[in-house]
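As stored in coords.cif (mmCIF, C-alpha atoms and all ligand atoms):
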```cif
data_query
loop_
_atom_site.label_atom_id
_atom_site.label_comp_id
_atom_site.auth_asym_id
_atom_site.auth_seq_id
_atom_site.Cartn_x
_atom_site.Cartn_y
_atom_site.Cartn_z
CA MET A 1 85.43 92.97 111.93
CA ALA A 2 87.83 92.71 114.83
CA GLY A 3 91.54 92.71 114.13
CA SER A 4 94.06 89.91 114.18
CA ILE A 5 96.62 89.73 116.96
CA LEU A 6 99.94 87.92 117.08
CA VAL A 7 100.78 86.91 120.66
CA VAL A 8 104.54 86.45 121.09
CA GLU A 9 105.21 84.85 124.46
CA ASP A 10 107.37 81.88 125.47
CA GLU A 11 105.75 81.04 128.80
CA PRO A 12 102.90 78.67 127.87
CA ALA A 13 100.59 79.72 130.72
CA ILE A 14 100.90 83.43 129.88
CA GLN A 15 100.62 82.77 126.14
CA GLU A 16 97.40 80.87 126.85
CA LEU A 17 96.04 83.57 129.17
CA VAL A 18 96.72 86.40 126.70
CA SER A 19 95.44 84.41 123.72
CA PHE A 20 92.28 83.42 125.56
CA ALA A 21 91.60 86.99 126.71
CA CYS A 22 92.05 88.35 123.18
CA SER A 23 90.01 85.66 121.42
CA SER A 24 87.23 86.02 124.01
CA ALA A 25 87.18 89.72 123.13
CA GLY A 26 86.52 88.72 119.50
CA TYR A 27 90.02 89.13 118.06
CA GLU A 28 91.58 86.55 115.80
CA VAL A 29 94.71 85.22 117.54
CA ARG A 30 97.90 83.63 116.26
CA ARG A 31 100.78 82.65 118.52
CA ALA A 32 104.56 82.55 118.48
CA ASP A 33 107.03 81.65 121.23
CA SER A 34 110.25 83.29 120.04
CA VAL A 35 111.50 86.18 117.93
CA GLY A 36 112.27 83.69 115.13
CA THR A 37 108.78 82.18 115.01
CA ALA A 38 107.22 85.64 115.35
CA ARG A 39 109.25 86.85 112.36
CA GLU A 40 108.05 83.87 110.31
CA ALA A 41 104.42 84.47 111.29
CA ILE A 42 104.69 88.16 110.37
CA ASP A 43 106.43 87.36 107.07
CA ARG A 44 103.62 84.96 106.24
CA GLU A 45 100.79 87.31 107.10
CA LEU A 46 100.81 90.75 108.63
CA PRO A 47 98.76 90.85 111.85
CA ASP A 48 96.92 94.02 112.87
CA LEU A 49 98.58 94.13 116.29
CA VAL A 50 101.44 92.35 118.05
CA ILE A 51 101.59 91.65 121.78
CA LEU A 52 105.29 91.17 122.28
CA ASP A 53 107.06 89.73 125.30
CA TRP A 54 110.43 91.33 126.06
CA MET A 55 112.26 88.25 127.40
CA LEU A 56 112.18 85.58 124.70
CA PRO A 57 114.45 82.54 124.39
CA ASP A 58 116.31 83.45 121.19
CA ARG A 59 116.55 87.26 121.21
CA PRO A 60 115.05 90.11 123.22
CA GLY A 61 111.59 91.14 122.00
CA ILE A 62 112.74 94.75 121.86
CA GLU A 63 115.14 93.82 119.04
CA LEU A 64 112.19 92.55 117.02
CA LEU A 65 110.30 95.73 117.87
CA ARG A 66 113.15 97.89 116.54
CA ALA A 67 113.47 95.75 113.41
CA LEU A 68 109.71 95.98 112.72
CA ARG A 69 109.82 99.76 113.06
CA THR A 70 112.57 100.12 110.46
CA ASP A 71 110.94 97.89 107.84
CA GLN A 72 108.59 99.64 105.43
CA ARG A 73 106.12 96.74 105.48
CA THR A 74 105.82 96.52 109.26
CA ARG A 75 106.52 100.11 110.29
CA GLY A 76 102.85 100.87 110.92
CA LEU A 77 102.12 97.74 113.01
CA SER A 78 100.49 98.31 116.39
CA ILE A 79 102.74 96.79 119.05
CA ILE A 80 102.18 96.33 122.77
CA LEU A 81 105.21 95.30 124.78
CA LEU A 82 104.54 92.80 127.53
CA THR A 83 107.14 92.31 130.18
CA ALA A 84 108.17 91.78 133.76
CA LYS A 85 110.59 94.68 133.46
CA SER A 86 108.94 97.43 135.41
CA ALA A 87 111.87 99.77 135.95
CA GLU A 88 111.26 103.24 134.56
CA GLY A 89 114.36 102.96 132.34
CA ASP A 90 112.93 99.84 130.67
CA ARG A 91 109.55 101.43 130.09
CA VAL A 92 111.23 104.42 128.50
CA ALA A 93 113.42 102.16 126.33
CA GLY A 94 110.35 100.21 125.21
CA LEU A 95 108.36 103.28 124.27
CA ASP A 96 111.38 104.91 122.63
CA ALA A 97 111.88 101.78 120.53
CA GLY A 98 108.39 102.40 119.15
CA ALA A 99 105.98 100.39 121.32
CA ASP A 100 102.44 101.79 121.26
CA ASP A 101 101.93 100.70 124.83
CA TYR A 102 103.64 98.83 127.61
CA VAL A 103 102.03 96.31 129.96
CA VAL A 104 103.93 95.08 133.02
CA LYS A 105 103.56 91.52 134.37
CA PRO A 106 101.67 90.50 136.36
CA PHE A 107 98.72 92.12 134.57
CA SER A 108 95.00 91.67 134.50
CA PRO A 109 93.77 90.17 131.21
CA ARG A 110 90.88 92.66 131.28
CA GLU A 111 93.28 95.56 131.45
CA LEU A 112 95.39 94.10 128.65
CA VAL A 113 92.32 93.77 126.41
CA SER A 114 91.25 97.33 127.17
CA ARG A 115 94.75 98.51 126.24
CA VAL A 116 94.54 96.51 123.00
CA ARG A 117 91.23 98.23 122.29
CA ALA A 118 92.72 101.64 123.07
CA VAL A 119 95.65 101.06 120.70
CA PHE A 120 93.26 99.95 117.94
CA ARG A 121 91.02 102.96 118.60
CA ARG A 122 94.00 105.25 118.14
CA ARG A 123 95.75 103.53 115.25
CA ALA A 124 93.25 101.36 113.41
CA PRO A 125 89.72 102.10 114.63
CA GLN A 126 88.18 99.66 112.14
CA PHE A 127 89.72 96.78 114.14
CA SER A 128 88.66 97.92 117.60
CA GLY A 129 85.49 95.83 117.45
CA GLU A 130 83.52 98.93 118.48
CA ALA A 131 80.94 100.78 116.43
CA LEU A 132 82.41 103.52 114.25
CA SER A 133 80.55 106.52 113.07
CA TYR A 134 81.30 109.33 110.73
CA GLY A 135 78.81 111.89 109.50
CA PRO A 136 75.60 110.02 108.62
CA LEU A 137 77.36 106.63 108.69
CA THR A 138 77.48 104.14 111.54
CA ILE A 139 79.26 100.82 111.24
CA ASP A 140 78.73 98.12 113.81
CA PRO A 141 81.40 95.46 113.28
CA ALA A 142 79.92 93.07 115.83
CA ARG A 143 76.56 92.97 114.02
CA HIS A 144 78.13 93.47 110.63
CA GLU A 145 75.75 96.34 110.05
CA VAL A 146 75.98 99.63 108.18
CA LEU A 147 73.48 102.38 108.91
CA VAL A 148 73.07 105.69 107.12
CA GLU A 149 71.05 108.07 109.25
CA GLY A 150 69.67 105.02 111.01
CA ARG A 151 68.67 103.23 107.79
CA PRO A 152 70.32 99.85 107.21
CA VAL A 153 72.42 99.39 104.08
CA LYS A 154 73.17 95.95 102.66
CA MET A 155 76.55 95.23 101.13
CA GLY A 156 79.01 92.40 100.51
CA LEU A 157 81.87 91.51 102.84
CA ALA A 158 84.60 93.18 100.75
CA GLU A 159 82.55 96.40 100.55
CA PHE A 160 81.93 96.24 104.28
CA ARG A 161 85.65 95.90 105.01
CA LEU A 162 86.52 98.66 102.56
CA LEU A 163 83.98 101.04 104.05
CA SER A 164 85.10 100.15 107.61
CA TYR A 165 88.66 100.97 106.66
CA LEU A 166 87.72 104.30 105.09
CA VAL A 167 85.54 105.25 108.07
CA GLY A 168 88.47 104.39 110.35
CA HIS A 169 90.61 106.91 108.47
CA PRO A 170 88.21 109.57 107.23
CA GLU A 171 89.30 112.22 104.75
CA ARG A 172 92.64 110.54 104.11
CA VAL A 173 93.40 109.62 100.53
CA PHE A 174 94.46 106.02 99.91
CA SER A 175 95.97 104.66 96.72
CA ARG A 176 94.58 101.44 95.29
CA GLY A 177 97.74 99.65 96.43
CA GLN A 178 97.36 100.91 99.99
CA LEU A 179 93.72 99.82 100.09
CA LEU A 180 94.65 96.38 98.76
CA ASP A 181 97.31 95.95 101.46
CA SER A 182 95.13 97.23 104.28
CA VAL A 183 91.76 95.79 103.35
CA TRP A 184 92.61 92.61 101.48
CA GLY A 185 95.97 91.89 103.18
CA ASP A 186 99.43 92.47 101.81
CA HIS A 187 100.05 88.87 100.80
CA VAL A 188 97.02 88.64 98.60
CA PHE A 189 97.85 89.04 94.95
CA ILE A 190 94.97 90.73 93.23
CA GLU A 191 94.94 93.46 90.65
CA GLU A 192 94.55 97.07 91.66
CA ARG A 193 91.50 97.50 89.47
CA THR A 194 89.72 95.05 91.79
CA VAL A 195 89.57 97.99 94.19
CA ASP A 196 87.70 100.02 91.56
CA VAL A 197 85.17 97.21 91.19
CA HIS A 198 84.50 97.15 94.93
CA VAL A 199 84.32 100.94 95.18
CA LEU A 200 81.70 100.84 92.44
CA ARG A 201 79.73 98.18 94.32
CA LEU A 202 80.07 100.15 97.55
CA ARG A 203 78.68 103.28 95.88
CA ARG A 204 75.82 101.25 94.44
CA ALA A 205 75.04 99.90 97.91
CA LEU A 206 75.05 103.42 99.35
CA ALA A 207 73.01 104.97 96.53
CA PRO A 208 69.53 103.99 97.80
CA VAL A 209 70.15 106.08 100.94
CA GLY A 210 71.73 108.89 98.95
CA ALA A 211 75.20 108.39 100.45
CA GLN A 212 77.13 107.31 97.35
CA ALA A 213 79.06 110.61 97.18
CA LEU A 214 80.73 109.84 100.53
CA VAL A 215 83.23 107.61 98.73
CA GLN A 216 85.20 110.05 96.61
CA THR A 217 87.62 109.45 93.78
CA VAL A 218 90.72 111.61 94.03
CA ARG A 219 91.96 111.77 90.49
CA GLY A 220 95.39 110.23 90.00
CA LEU A 221 95.68 109.31 93.69
CA GLY A 222 92.95 106.96 94.80
CA TYR A 223 89.96 107.15 97.09
CA ARG A 224 88.86 108.77 100.30
CA LEU A 225 85.84 109.13 102.51
CA ALA A 226 84.57 112.66 101.93
CA ALA A 227 83.82 115.12 104.71
CA PRO A 228 80.12 114.92 105.60
CA GLY A 229 78.19 117.50 103.65
CA GLY A 230 81.34 118.57 101.78
CA GLN A 231 82.22 117.84 98.16
CA CA B 1 109.21 85.53 128.43
#
```
If you convert what's in this file into structure tokens, what do you get?
Ligand code: CA
Amino acid sequence: MAGSILVVEDEPAIQELVSFACSSAGYEVRRADSVGTAREAIDRELPDLVILDWMLPDRPGIELLRALRTDQRTRGLSIILLTAKSAEGDRVAGLDAGADDYVVKPFSPRELVSRVRAVFRRRAPQFSGEALSYGPLTIDPARHEVLVEGRPVKMGLAEFRLLSYLVGHPERVFSRGQLLDSVWGDHVFIEERTVDVHVLRLRRALAPVGAQALVQTVRGLGYRLAAPGGQ
């Protein structure tokens, strides 16, 4: 699956250009035209990445950037700052405030999309829209396909998303709560044991190709994708 992007831009033509470029690249796009409306959109549903204009009508975008970086819920958001400010001092201020990247207007939509992809590749590879592989596993989000040593594996959508997330962050241990927030979305209220049900289904799906041990239980902590060949 490709990630969701919140485009925060007050100039309609640029908002349209950025939104069109991102949705053409397969990302799900939502839009806001001020810091206030962006805040509401983020409160409602956490996007996977924010493209944030600096000069907005109510407050500077960089204030929102700083606020997002201090809040536990939004601290890990991928954020690309978009602005006409090209002075070195502004770029430094933007990056120091926690932007993952900085794109100066006027920009080419193709370059912006490739920067979006680069940020996803670095921070949340499961949303990059590109194939991910780890050990014997290959996941192709565009074709919604999982291969183990070249053999296709069938699984449900929740299992596919869960596996994509784990493959995007191999060998890291995630609690059930973290997996719920990251895979199901942090505004979805479902019980933590739902994660156990989907892990079980995922292992069952991987069993016919002998890959069920890749999804490891870490007692008392949660789950992780095991190192290939390791136990
Ligand atoms: Ca603006």
(request) Name the closest residue to ligand CA 1 (chain B) among the candidates A:Gly210, A:Gly220, A:Pro109, A:Pro60; distances are taken between atoms, counting only C-alpha atoms and all ligand atoms. (result) A:Pro60
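Distance check against Lys105 in chain A using all atoms listed in the file: of A:Pro152, A:Asp181, A:Gly61, A:Ile14, the minimum falls on A:Ile14.
Taking only C-alpha atoms, the non-local environment of range 167-177 of chain A within 7 Å (same-chain residues fewer than 3 positions away omitted) comprises Ala124, Pro125, Gln126, Tyr134, Leu163, Ser164, Leu180, Asp181, Glu192, Val195, Leu221, Gly222, Tyr223, Arg224, Leu225, Ala226 and Ala227 of chain A.
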(request) Would you kindly identify which residues have an atom no farther than 6 Å from (71.9, 106.9, 103.2), using all atoms listed in the file and the file's own coordinates, and write them out as a PyMOL selection string? (result) chain A and resi 148+209-211
(message) Show me which residues are within 10 Å of ligand CA 1 (chain B) counting all atoms listed in the file, and format the list as an MDAnalysis selection string.
(response) chainID A and resid 8:12 14:15 33:34 52:57 60:61 82:84
Output range 138-153 of chain A from the block with all heavy atoms, as a short mmCIF file (atom, residue, chain, number, x, y, z; two decimals), in the first residue's frame?
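Contents of result-v8.cif, freshly written:
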```
data_model
loop_
_atom_site.label_atom_id
_atom_site.label_comp_id
_atom_site.auth_asym_id
_atom_site.auth_seq_id
_atom_site.Cartn_x
_atom_site.Cartn_y
_atom_site.Cartn_z
N THR A 138 9.58 -11.06 -0.40
CA THR A 138 9.46 -9.86 -1.23
C THR A 138 8.01 -9.43 -1.19
O THR A 138 7.10 -10.26 -1.32
CB THR A 138 9.85 -10.15 -2.69
OG1 THR A 138 11.17 -10.69 -2.70
CG2 THR A 138 9.85 -8.87 -3.52
N ILE A 139 7.79 -8.13 -0.96
CA ILE A 139 6.43 -7.61 -0.94
C ILE A 139 6.32 -6.55 -2.01
O ILE A 139 7.10 -5.61 -2.04
CB ILE A 139 6.11 -6.99 0.44
CG1 ILE A 139 6.19 -8.08 1.50
CG2 ILE A 139 4.74 -6.34 0.43
CD1 ILE A 139 5.78 -7.62 2.86
N ASP A 140 5.35 -6.74 -2.89
CA ASP A 140 5.13 -5.76 -3.94
C ASP A 140 3.81 -5.05 -3.66
O ASP A 140 2.74 -5.60 -3.88
CB ASP A 140 5.08 -6.47 -5.30
CG ASP A 140 4.99 -5.47 -6.44
OD1 ASP A 140 4.55 -4.33 -6.19
OD2 ASP A 140 5.34 -5.84 -7.57
N PRO A 141 3.88 -3.82 -3.12
CA PRO A 141 2.64 -3.15 -2.71
C PRO A 141 1.76 -2.81 -3.91
O PRO A 141 0.54 -2.82 -3.79
CB PRO A 141 3.11 -1.88 -1.99
CG PRO A 141 4.54 -1.73 -2.29
CD PRO A 141 5.08 -3.01 -2.86
N ALA A 142 2.36 -2.52 -5.06
CA ALA A 142 1.56 -2.14 -6.21
C ALA A 142 0.69 -3.32 -6.67
O ALA A 142 -0.48 -3.16 -7.02
CB ALA A 142 2.46 -1.67 -7.35
N ARG A 143 1.28 -4.52 -6.65
CA ARG A 143 0.51 -5.70 -7.09
C ARG A 143 -0.14 -6.43 -5.93
O ARG A 143 -0.80 -7.45 -6.12
CB ARG A 143 1.45 -6.68 -7.79
CG ARG A 143 2.06 -6.09 -9.01
CD ARG A 143 3.19 -6.97 -9.46
NE ARG A 143 3.12 -7.21 -10.88
CZ ARG A 143 3.84 -8.11 -11.52
NH1 ARG A 143 4.65 -8.90 -10.84
NH2 ARG A 143 3.76 -8.25 -12.81
N HIS A 144 0.10 -5.91 -4.72
CA HIS A 144 -0.47 -6.52 -3.53
C HIS A 144 -0.07 -7.99 -3.45
O HIS A 144 -0.89 -8.89 -3.29
CB HIS A 144 -2.00 -6.40 -3.59
CG HIS A 144 -2.59 -6.30 -2.24
ND1 HIS A 144 -2.81 -7.39 -1.46
CD2 HIS A 144 -2.97 -5.23 -1.51
CE1 HIS A 144 -3.31 -7.02 -0.31
NE2 HIS A 144 -3.41 -5.71 -0.31
N GLU A 145 1.23 -8.22 -3.60
CA GLU A 145 1.73 -9.57 -3.73
C GLU A 145 2.84 -9.85 -2.72
O GLU A 145 3.71 -9.01 -2.51
CB GLU A 145 2.28 -9.71 -5.16
CG GLU A 145 2.61 -11.11 -5.58
CD GLU A 145 3.02 -11.12 -7.05
OE1 GLU A 145 4.07 -10.54 -7.39
OE2 GLU A 145 2.28 -11.72 -7.85
N VAL A 146 2.79 -11.02 -2.12
CA VAL A 146 3.86 -11.46 -1.23
C VAL A 146 4.49 -12.71 -1.83
O VAL A 146 3.79 -13.66 -2.20
CB VAL A 146 3.33 -11.80 0.19
CG1 VAL A 146 4.44 -12.34 1.09
CG2 VAL A 146 2.67 -10.59 0.82
N LEU A 147 5.82 -12.69 -1.93
CA LEU A 147 6.53 -13.85 -2.45
C LEU A 147 7.53 -14.32 -1.40
O LEU A 147 8.18 -13.50 -0.75
CB LEU A 147 7.31 -13.50 -3.73
CG LEU A 147 6.50 -12.98 -4.93
CD1 LEU A 147 7.44 -12.47 -6.02
CD2 LEU A 147 5.60 -14.08 -5.47
N VAL A 148 7.65 -15.63 -1.25
CA VAL A 148 8.69 -16.19 -0.40
C VAL A 148 9.55 -17.07 -1.31
O VAL A 148 9.03 -18.04 -1.87
CB VAL A 148 8.12 -16.98 0.78
CG1 VAL A 148 9.23 -17.67 1.56
CG2 VAL A 148 7.33 -16.06 1.70
N GLU A 149 10.77 -16.66 -1.48
CA GLU A 149 11.66 -17.32 -2.44
C GLU A 149 10.96 -17.50 -3.79
O GLU A 149 11.01 -18.58 -4.40
CB GLU A 149 12.17 -18.65 -1.89
CG GLU A 149 13.30 -18.43 -0.90
CD GLU A 149 13.56 -19.61 0.02
OE1 GLU A 149 12.75 -20.56 0.02
OE2 GLU A 149 14.58 -19.57 0.72
N GLY A 150 10.28 -16.45 -4.20
CA GLY A 150 9.64 -16.47 -5.52
C GLY A 150 8.28 -17.15 -5.56
O GLY A 150 7.60 -17.11 -6.58
N ARG A 151 7.88 -17.77 -4.43
CA ARG A 151 6.57 -18.45 -4.43
C ARG A 151 5.50 -17.54 -3.82
O ARG A 151 5.68 -17.02 -2.73
CB ARG A 151 6.65 -19.76 -3.62
CG ARG A 151 7.57 -20.78 -4.29
CD ARG A 151 8.14 -21.73 -3.26
NE ARG A 151 7.18 -22.69 -2.78
CZ ARG A 151 7.37 -23.44 -1.69
NH1 ARG A 151 8.48 -23.31 -0.97
NH2 ARG A 151 6.46 -24.32 -1.33
N PRO A 152 4.40 -17.35 -4.55
CA PRO A 152 3.36 -16.44 -4.05
C PRO A 152 2.67 -16.97 -2.79
O PRO A 152 2.47 -18.18 -2.64
CB PRO A 152 2.38 -16.33 -5.21
CG PRO A 152 2.68 -17.47 -6.11
CD PRO A 152 4.08 -17.93 -5.86
N VAL A 153 2.35 -16.05 -1.89
CA VAL A 153 1.67 -16.40 -0.65
C VAL A 153 0.39 -15.58 -0.58
O VAL A 153 0.44 -14.35 -0.73
CB VAL A 153 2.56 -16.05 0.57
CG1 VAL A 153 1.84 -16.36 1.86
CG2 VAL A 153 3.89 -16.79 0.50
#
```
